[in-house]
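Visitor: Next comes data27.pdb, PDB, C-alpha atoms, pLDDT in the B column:
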```pdb
MODEL        1
ATOM      1  CA  MET P   1     -11.054 102.279   2.031  1.00 74.00           C
ATOM      2  CA  PRO P   2     -12.682  99.949  -0.553  1.00 75.00           C
ATOM      3  CA  GLN P   3     -16.103  98.581   0.305  1.00 74.00           C
ATOM      4  CA  PRO P   4     -16.456  94.773   0.547  1.00 72.00           C
ATOM      5  CA  PRO P   5     -18.834  93.318  -2.049  1.00 70.00           C
ATOM      6  CA  SER P   6     -22.435  93.175  -0.865  1.00 69.00           C
ATOM      7  CA  SER P   7     -23.783  89.759   0.027  1.00 70.00           C
ATOM      8  CA  ASN P   8     -26.822  88.154  -1.553  1.00 73.00           C
ATOM      9  CA  ALA P   9     -29.885  87.345   0.527  1.00 78.00           C
ATOM     10  CA  GLY P  10     -31.427  83.903   0.268  1.00 83.00           C
ATOM     11  CA  GLY P  11     -34.303  84.409   2.704  1.00 89.00           C
ATOM     12  CA  PHE P  12     -36.517  85.560  -0.130  1.00 93.00           C
ATOM     13  CA  LEU P  13     -36.100  82.158  -1.754  1.00 93.00           C
ATOM     14  CA  VAL P  14     -37.253  80.409   1.420  1.00 95.00           C
ATOM     15  CA  ALA P  15     -40.360  82.600   1.671  1.00 95.00           C
ATOM     16  CA  VAL P  16     -41.249  82.159  -1.991  1.00 96.00           C
ATOM     17  CA  GLY P  17     -40.685  78.411  -1.730  1.00 96.00           C
ATOM     18  CA  VAL P  18     -43.133  78.103   1.156  1.00 96.00           C
ATOM     19  CA  LEU P  19     -45.773  80.254  -0.535  1.00 97.00           C
ATOM     20  CA  VAL P  20     -45.518  78.539  -3.918  1.00 97.00           C
ATOM     21  CA  GLY P  21     -45.401  75.112  -2.313  1.00 97.00           C
ATOM     22  CA  ALA P  22     -48.488  75.856  -0.226  1.00 96.00           C
ATOM     23  CA  GLY P  23     -50.296  77.198  -3.294  1.00 96.00           C
ATOM     24  CA  VAL P  24     -49.518  74.138  -5.383  1.00 96.00           C
ATOM     25  CA  GLY P  25     -50.339  71.880  -2.452  1.00 96.00           C
ATOM     26  CA  LEU P  26     -53.652  73.659  -1.981  1.00 96.00           C
ATOM     27  CA  LEU P  27     -54.540  72.986  -5.605  1.00 97.00           C
ATOM     28  CA  LEU P  28     -53.749  69.312  -5.040  1.00 95.00           C
ATOM     29  CA  GLY P  29     -55.611  69.178  -1.722  1.00 95.00           C
ATOM     30  CA  GLN P  30     -52.436  68.830   0.368  1.00 95.00           C
ATOM     31  CA  ALA P  31     -51.387  72.320   1.494  1.00 94.00           C
ATOM     32  CA  THR P  32     -49.175  71.307   4.423  1.00 95.00           C
ATOM     33  CA  PRO P  33     -46.999  68.800   2.527  1.00 96.00           C
ATOM     34  CA  GLY P  34     -46.749  71.323  -0.314  1.00 96.00           C
ATOM     35  CA  ALA P  35     -45.569  74.022   2.090  1.00 96.00           C
ATOM     36  CA  LEU P  36     -43.004  71.661   3.605  1.00 97.00           C
ATOM     37  CA  ILE P  37     -41.684  70.653   0.193  1.00 97.00           C
ATOM     38  CA  GLY P  38     -41.533  74.340  -0.764  1.00 96.00           C
ATOM     39  CA  LEU P  39     -39.678  75.083   2.470  1.00 97.00           C
ATOM     40  CA  ALA P  40     -37.127  72.383   1.684  1.00 97.00           C
ATOM     41  CA  ALA P  41     -36.666  73.585  -1.905  1.00 97.00           C
ATOM     42  CA  GLY P  42     -36.373  77.235  -0.841  1.00 95.00           C
ATOM     43  CA  SER P  43     -33.906  76.348   1.897  1.00 96.00           C
ATOM     44  CA  LEU P  44     -31.786  74.391  -0.554  1.00 96.00           C
ATOM     45  CA  ALA P  45     -31.788  77.328  -2.966  1.00 94.00           C
ATOM     46  CA  ALA P  46     -30.825  79.710  -0.125  1.00 93.00           C
ATOM     47  CA  VAL P  47     -27.924  77.463   0.887  1.00 93.00           C
ATOM     48  CA  LEU P  48     -26.717  77.365  -2.718  1.00 93.00           C
ATOM     49  CA  VAL P  49     -26.850  81.187  -2.909  1.00 91.00           C
ATOM     50  CA  TRP P  50     -24.947  81.388   0.373  1.00 89.00           C
ATOM     51  CA  GLN P  51     -22.276  78.966  -0.862  1.00 90.00           C
ATOM     52  CA  ARG P  52     -21.863  80.895  -4.111  1.00 88.00           C
ATOM     53  CA  ASP P  53     -21.640  84.160  -2.192  1.00 84.00           C
ATOM     54  CA  ARG P  54     -18.969  82.767   0.147  1.00 81.00           C
ATOM     55  CA  ARG P  55     -16.752  81.899  -2.816  1.00 80.00           C
ATOM     56  CA  ARG P  56     -16.698  85.506  -4.032  1.00 73.00           C
TER      57      ARG P  56
ENDMDL
END
```
Before we go any further, please render this structure as structure tokens.
Guide:
Amino acid sequence: MPQPPSSNAGGFLVAVGVLVGAGVGLLLGQATPGALIGLAAGSLAAVLVWQRDRRR
């Protein structure tokens, strides 16, 4: 029986978004808003990966 194609994981993008956002925010003196912006950007990227994966 053929194996279905493996799915891509977008959780890594969320984690990296939070960490990078917090790091940039820390440099600017606003770690929490940076982390929240990173969370939003990572979540958006994860949703885009999920949508692309669904189309395959």
Visitor: Could you list the residues chosen by the PyMOL selection byres ((chain P and resi 20) around 12) in this structure as a PyMOL selection string?
Guide: chain P and resi 13-19+21-27+31-42
Visitor: Could you save the residues just selected, with C-alpha atoms, as a tab-separated table (two decimals), keeping the file's coordinate frame?
Guide:
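Written file, again.tsv:
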```tsv
chain	number	residue	atom	x	y	z
P	13	LEU	CA	-36.10	82.16	-1.75
P	14	VAL	CA	-37.25	80.41	1.42
P	15	ALA	CA	-40.36	82.60	1.67
P	16	VAL	CA	-41.25	82.16	-1.99
P	17	GLY	CA	-40.68	78.41	-1.73
P	18	VAL	CA	-43.13	78.10	1.16
P	19	LEU	CA	-45.77	80.25	-0.54
P	21	GLY	CA	-45.40	75.11	-2.31
P	22	ALA	CA	-48.49	75.86	-0.23
P	23	GLY	CA	-50.30	77.20	-3.29
P	24	VAL	CA	-49.52	74.14	-5.38
P	25	GLY	CA	-50.34	71.88	-2.45
P	26	LEU	CA	-53.65	73.66	-1.98
P	27	LEU	CA	-54.54	72.99	-5.60
P	31	ALA	CA	-51.39	72.32	1.49
P	32	THR	CA	-49.18	71.31	4.42
P	33	PRO	CA	-47.00	68.80	2.53
P	34	GLY	CA	-46.75	71.32	-0.31
P	35	ALA	CA	-45.57	74.02	2.09
P	36	LEU	CA	-43.00	71.66	3.60
P	37	ILE	CA	-41.68	70.65	0.19
P	38	GLY	CA	-41.53	74.34	-0.76
P	39	LEU	CA	-39.68	75.08	2.47
P	40	ALA	CA	-37.13	72.38	1.68
P	41	ALA	CA	-36.67	73.58	-1.90
P	42	GLY	CA	-36.37	77.24	-0.84
```
Visitor: Rounded to one decimal, what separation in Å do you get between CA of Gln3 in chain P and CA of Leu44 in chain P?
Guide: 28.8 Å
Visitor: Tell me which of P:Ser7, P:Pro2, P:Gly29, P:Phe12 sits closest to Ala45 in chain P, counting only C-alpha atoms.
Guide: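 For Ala45 in chain P, the nearest of the candidates is P:Phe12.
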Visitor: Give as a list in words every residue, naming chains and numbers as the document does, that has an atom within 9 Å of (-19.3, 85.2, -3.5), counting all atoms listed in the file.
Guide: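 Within the cut-off we find Pro5, Ser6, Ser7, Asn8, Val49, Trp50, Gln51, Arg52, Asp53, Arg54, Arg55 and Arg56 of chain P.
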Visitor: Enclose all atoms of range 1-9 of chain P listed in the file in an axis-aligned box, grow every side by 6 Å, and hand back centre and edge lengths in Å to one decimal, as JSON.
Guide:
```
{"center_x": -20.5, "center_y": 94.8, "center_z": 0.0, "size_x": 30.8, "size_y": 26.9, "size_z": 16.1}
```
Visitor: Please output range 9-44 of chain P, rebuilt to include N, CA and C atoms, as a PDB file, in the coordinates of the input.
Guide:
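File produced: rebuild.pdb:
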```pdb
ATOM      1  N   ALA P   9     -28.968  87.846  -0.493  1.00 78.00           N
ATOM      2  CA  ALA P   9     -29.885  87.345   0.527  1.00 78.00           C
ATOM      3  C   ALA P   9     -30.666  86.163  -0.036  1.00 78.00           C
ATOM      4  N   GLY P  10     -30.701  85.081   0.712  1.00 83.00           N
ATOM      5  CA  GLY P  10     -31.427  83.903   0.268  1.00 83.00           C
ATOM      6  C   GLY P  10     -32.751  83.702   0.980  1.00 83.00           C
ATOM      7  N   GLY P  11     -33.058  84.541   1.962  1.00 89.00           N
ATOM      8  CA  GLY P  11     -34.303  84.409   2.704  1.00 89.00           C
ATOM      9  C   GLY P  11     -35.531  84.564   1.834  1.00 89.00           C
ATOM     10  N   PHE P  12     -35.413  85.381   0.813  1.00 93.00           N
ATOM     11  CA  PHE P  12     -36.517  85.560  -0.130  1.00 93.00           C
ATOM     12  C   PHE P  12     -36.865  84.234  -0.797  1.00 93.00           C
ATOM     13  N   LEU P  13     -35.869  83.449  -1.109  1.00 93.00           N
ATOM     14  CA  LEU P  13     -36.100  82.158  -1.754  1.00 93.00           C
ATOM     15  C   LEU P  13     -36.844  81.193  -0.828  1.00 93.00           C
ATOM     16  N   VAL P  14     -36.550  81.266   0.459  1.00 95.00           N
ATOM     17  CA  VAL P  14     -37.253  80.409   1.420  1.00 95.00           C
ATOM     18  C   VAL P  14     -38.724  80.815   1.487  1.00 95.00           C
ATOM     19  N   ALA P  15     -38.981  82.119   1.582  1.00 95.00           N
ATOM     20  CA  ALA P  15     -40.360  82.600   1.671  1.00 95.00           C
ATOM     21  C   ALA P  15     -41.157  82.255   0.417  1.00 95.00           C
ATOM     22  N   VAL P  16     -40.558  82.470  -0.735  1.00 96.00           N
ATOM     23  CA  VAL P  16     -41.249  82.159  -1.991  1.00 96.00           C
ATOM     24  C   VAL P  16     -41.488  80.657  -2.102  1.00 96.00           C
ATOM     25  N   GLY P  17     -40.525  79.862  -1.681  1.00 96.00           N
ATOM     26  CA  GLY P  17     -40.685  78.411  -1.730  1.00 96.00           C
ATOM     27  C   GLY P  17     -41.872  77.943  -0.907  1.00 96.00           C
ATOM     28  N   VAL P  18     -42.013  78.495   0.296  1.00 96.00           N
ATOM     29  CA  VAL P  18     -43.133  78.103   1.156  1.00 96.00           C
ATOM     30  C   VAL P  18     -44.455  78.525   0.533  1.00 96.00           C
ATOM     31  N   LEU P  19     -44.517  79.757   0.039  1.00 97.00           N
ATOM     32  CA  LEU P  19     -45.773  80.254  -0.535  1.00 97.00           C
ATOM     33  C   LEU P  19     -46.169  79.491  -1.804  1.00 97.00           C
ATOM     34  N   VAL P  20     -45.214  79.273  -2.683  1.00 97.00           N
ATOM     35  CA  VAL P  20     -45.518  78.539  -3.918  1.00 97.00           C
ATOM     36  C   VAL P  20     -45.863  77.087  -3.599  1.00 97.00           C
ATOM     37  N   GLY P  21     -45.124  76.488  -2.693  1.00 97.00           N
ATOM     38  CA  GLY P  21     -45.401  75.112  -2.313  1.00 97.00           C
ATOM     39  C   GLY P  21     -46.778  74.963  -1.691  1.00 97.00           C
ATOM     40  N   ALA P  22     -47.160  75.908  -0.841  1.00 96.00           N
ATOM     41  CA  ALA P  22     -48.488  75.856  -0.226  1.00 96.00           C
ATOM     42  C   ALA P  22     -49.570  76.063  -1.278  1.00 96.00           C
ATOM     43  N   GLY P  23     -49.319  76.966  -2.226  1.00 96.00           N
ATOM     44  CA  GLY P  23     -50.296  77.198  -3.294  1.00 96.00           C
ATOM     45  C   GLY P  23     -50.504  75.969  -4.164  1.00 96.00           C
ATOM     46  N   VAL P  24     -49.417  75.354  -4.558  1.00 96.00           N
ATOM     47  CA  VAL P  24     -49.518  74.138  -5.383  1.00 96.00           C
ATOM     48  C   VAL P  24     -50.156  73.015  -4.565  1.00 96.00           C
ATOM     49  N   GLY P  25     -49.754  72.899  -3.311  1.00 96.00           N
ATOM     50  CA  GLY P  25     -50.339  71.880  -2.452  1.00 96.00           C
ATOM     51  C   GLY P  25     -51.823  72.099  -2.237  1.00 96.00           C
ATOM     52  N   LEU P  26     -52.234  73.352  -2.141  1.00 96.00           N
ATOM     53  CA  LEU P  26     -53.652  73.659  -1.981  1.00 96.00           C
ATOM     54  C   LEU P  26     -54.441  73.220  -3.204  1.00 96.00           C
ATOM     55  N   LEU P  27     -53.877  73.427  -4.374  1.00 97.00           N
ATOM     56  CA  LEU P  27     -54.540  72.986  -5.605  1.00 97.00           C
ATOM     57  C   LEU P  27     -54.673  71.469  -5.659  1.00 97.00           C
ATOM     58  N   LEU P  28     -53.729  70.779  -5.042  1.00 95.00           N
ATOM     59  CA  LEU P  28     -53.749  69.312  -5.040  1.00 95.00           C
ATOM     60  C   LEU P  28     -54.445  68.744  -3.805  1.00 95.00           C
ATOM     61  N   GLY P  29     -54.927  69.626  -2.919  1.00 95.00           N
ATOM     62  CA  GLY P  29     -55.611  69.178  -1.722  1.00 95.00           C
ATOM     63  C   GLY P  29     -54.693  68.804  -0.577  1.00 95.00           C
ATOM     64  N   GLN P  30     -53.422  69.167  -0.658  1.00 95.00           N
ATOM     65  CA  GLN P  30     -52.436  68.830   0.368  1.00 95.00           C
ATOM     66  C   GLN P  30     -51.554  70.051   0.640  1.00 95.00           C
ATOM     67  N   ALA P  31     -52.107  71.063   1.295  1.00 94.00           N
ATOM     68  CA  ALA P  31     -51.387  72.320   1.494  1.00 94.00           C
ATOM     69  C   ALA P  31     -50.165  72.171   2.396  1.00 94.00           C
ATOM     70  N   THR P  32     -50.291  71.420   3.489  1.00 95.00           N
ATOM     71  CA  THR P  32     -49.175  71.307   4.423  1.00 95.00           C
ATOM     72  C   THR P  32     -47.975  70.578   3.809  1.00 95.00           C
ATOM     73  N   PRO P  33     -48.165  69.420   3.176  1.00 96.00           N
ATOM     74  CA  PRO P  33     -46.999  68.800   2.527  1.00 96.00           C
ATOM     75  C   PRO P  33     -46.406  69.692   1.429  1.00 96.00           C
ATOM     76  N   GLY P  34     -47.255  70.406   0.708  1.00 96.00           N
ATOM     77  CA  GLY P  34     -46.749  71.323  -0.314  1.00 96.00           C
ATOM     78  C   GLY P  34     -45.895  72.418   0.289  1.00 96.00           C
ATOM     79  N   ALA P  35     -46.344  72.979   1.417  1.00 96.00           N
ATOM     80  CA  ALA P  35     -45.569  74.022   2.090  1.00 96.00           C
ATOM     81  C   ALA P  35     -44.237  73.470   2.596  1.00 96.00           C
ATOM     82  N   LEU P  36     -44.250  72.252   3.109  1.00 97.00           N
ATOM     83  CA  LEU P  36     -43.004  71.661   3.605  1.00 97.00           C
ATOM     84  C   LEU P  36     -42.026  71.362   2.470  1.00 97.00           C
ATOM     85  N   ILE P  37     -42.546  70.897   1.361  1.00 97.00           N
ATOM     86  CA  ILE P  37     -41.684  70.653   0.193  1.00 97.00           C
ATOM     87  C   ILE P  37     -41.137  71.990  -0.323  1.00 97.00           C
ATOM     88  N   GLY P  38     -41.985  73.009  -0.358  1.00 96.00           N
ATOM     89  CA  GLY P  38     -41.533  74.340  -0.764  1.00 96.00           C
ATOM     90  C   GLY P  38     -40.490  74.896   0.186  1.00 96.00           C
ATOM     91  N   LEU P  39     -40.662  74.647   1.482  1.00 97.00           N
ATOM     92  CA  LEU P  39     -39.678  75.083   2.470  1.00 97.00           C
ATOM     93  C   LEU P  39     -38.330  74.405   2.220  1.00 97.00           C
ATOM     94  N   ALA P  40     -38.367  73.117   1.952  1.00 97.00           N
ATOM     95  CA  ALA P  40     -37.127  72.383   1.684  1.00 97.00           C
ATOM     96  C   ALA P  40     -36.448  72.890   0.412  1.00 97.00           C
ATOM     97  N   ALA P  41     -37.238  73.106  -0.642  1.00 97.00           N
ATOM     98  CA  ALA P  41     -36.666  73.585  -1.905  1.00 97.00           C
ATOM     99  C   ALA P  41     -36.115  75.006  -1.755  1.00 97.00           C
ATOM    100  N   GLY P  42     -36.851  75.864  -1.065  1.00 95.00           N
ATOM    101  CA  GLY P  42     -36.373  77.235  -0.841  1.00 95.00           C
ATOM    102  C   GLY P  42     -35.131  77.274   0.024  1.00 95.00           C
ATOM    103  N   SER P  43     -35.081  76.412   1.031  1.00 96.00           N
ATOM    104  CA  SER P  43     -33.906  76.348   1.897  1.00 96.00           C
ATOM    105  C   SER P  43     -32.681  75.870   1.126  1.00 96.00           C
ATOM    106  N   LEU P  44     -32.886  74.876   0.272  1.00 96.00           N
ATOM    107  CA  LEU P  44     -31.786  74.391  -0.554  1.00 96.00           C
ATOM    108  C   LEU P  44     -31.276  75.502  -1.481  1.00 96.00           C
TER     109      LEU P  44
END
```
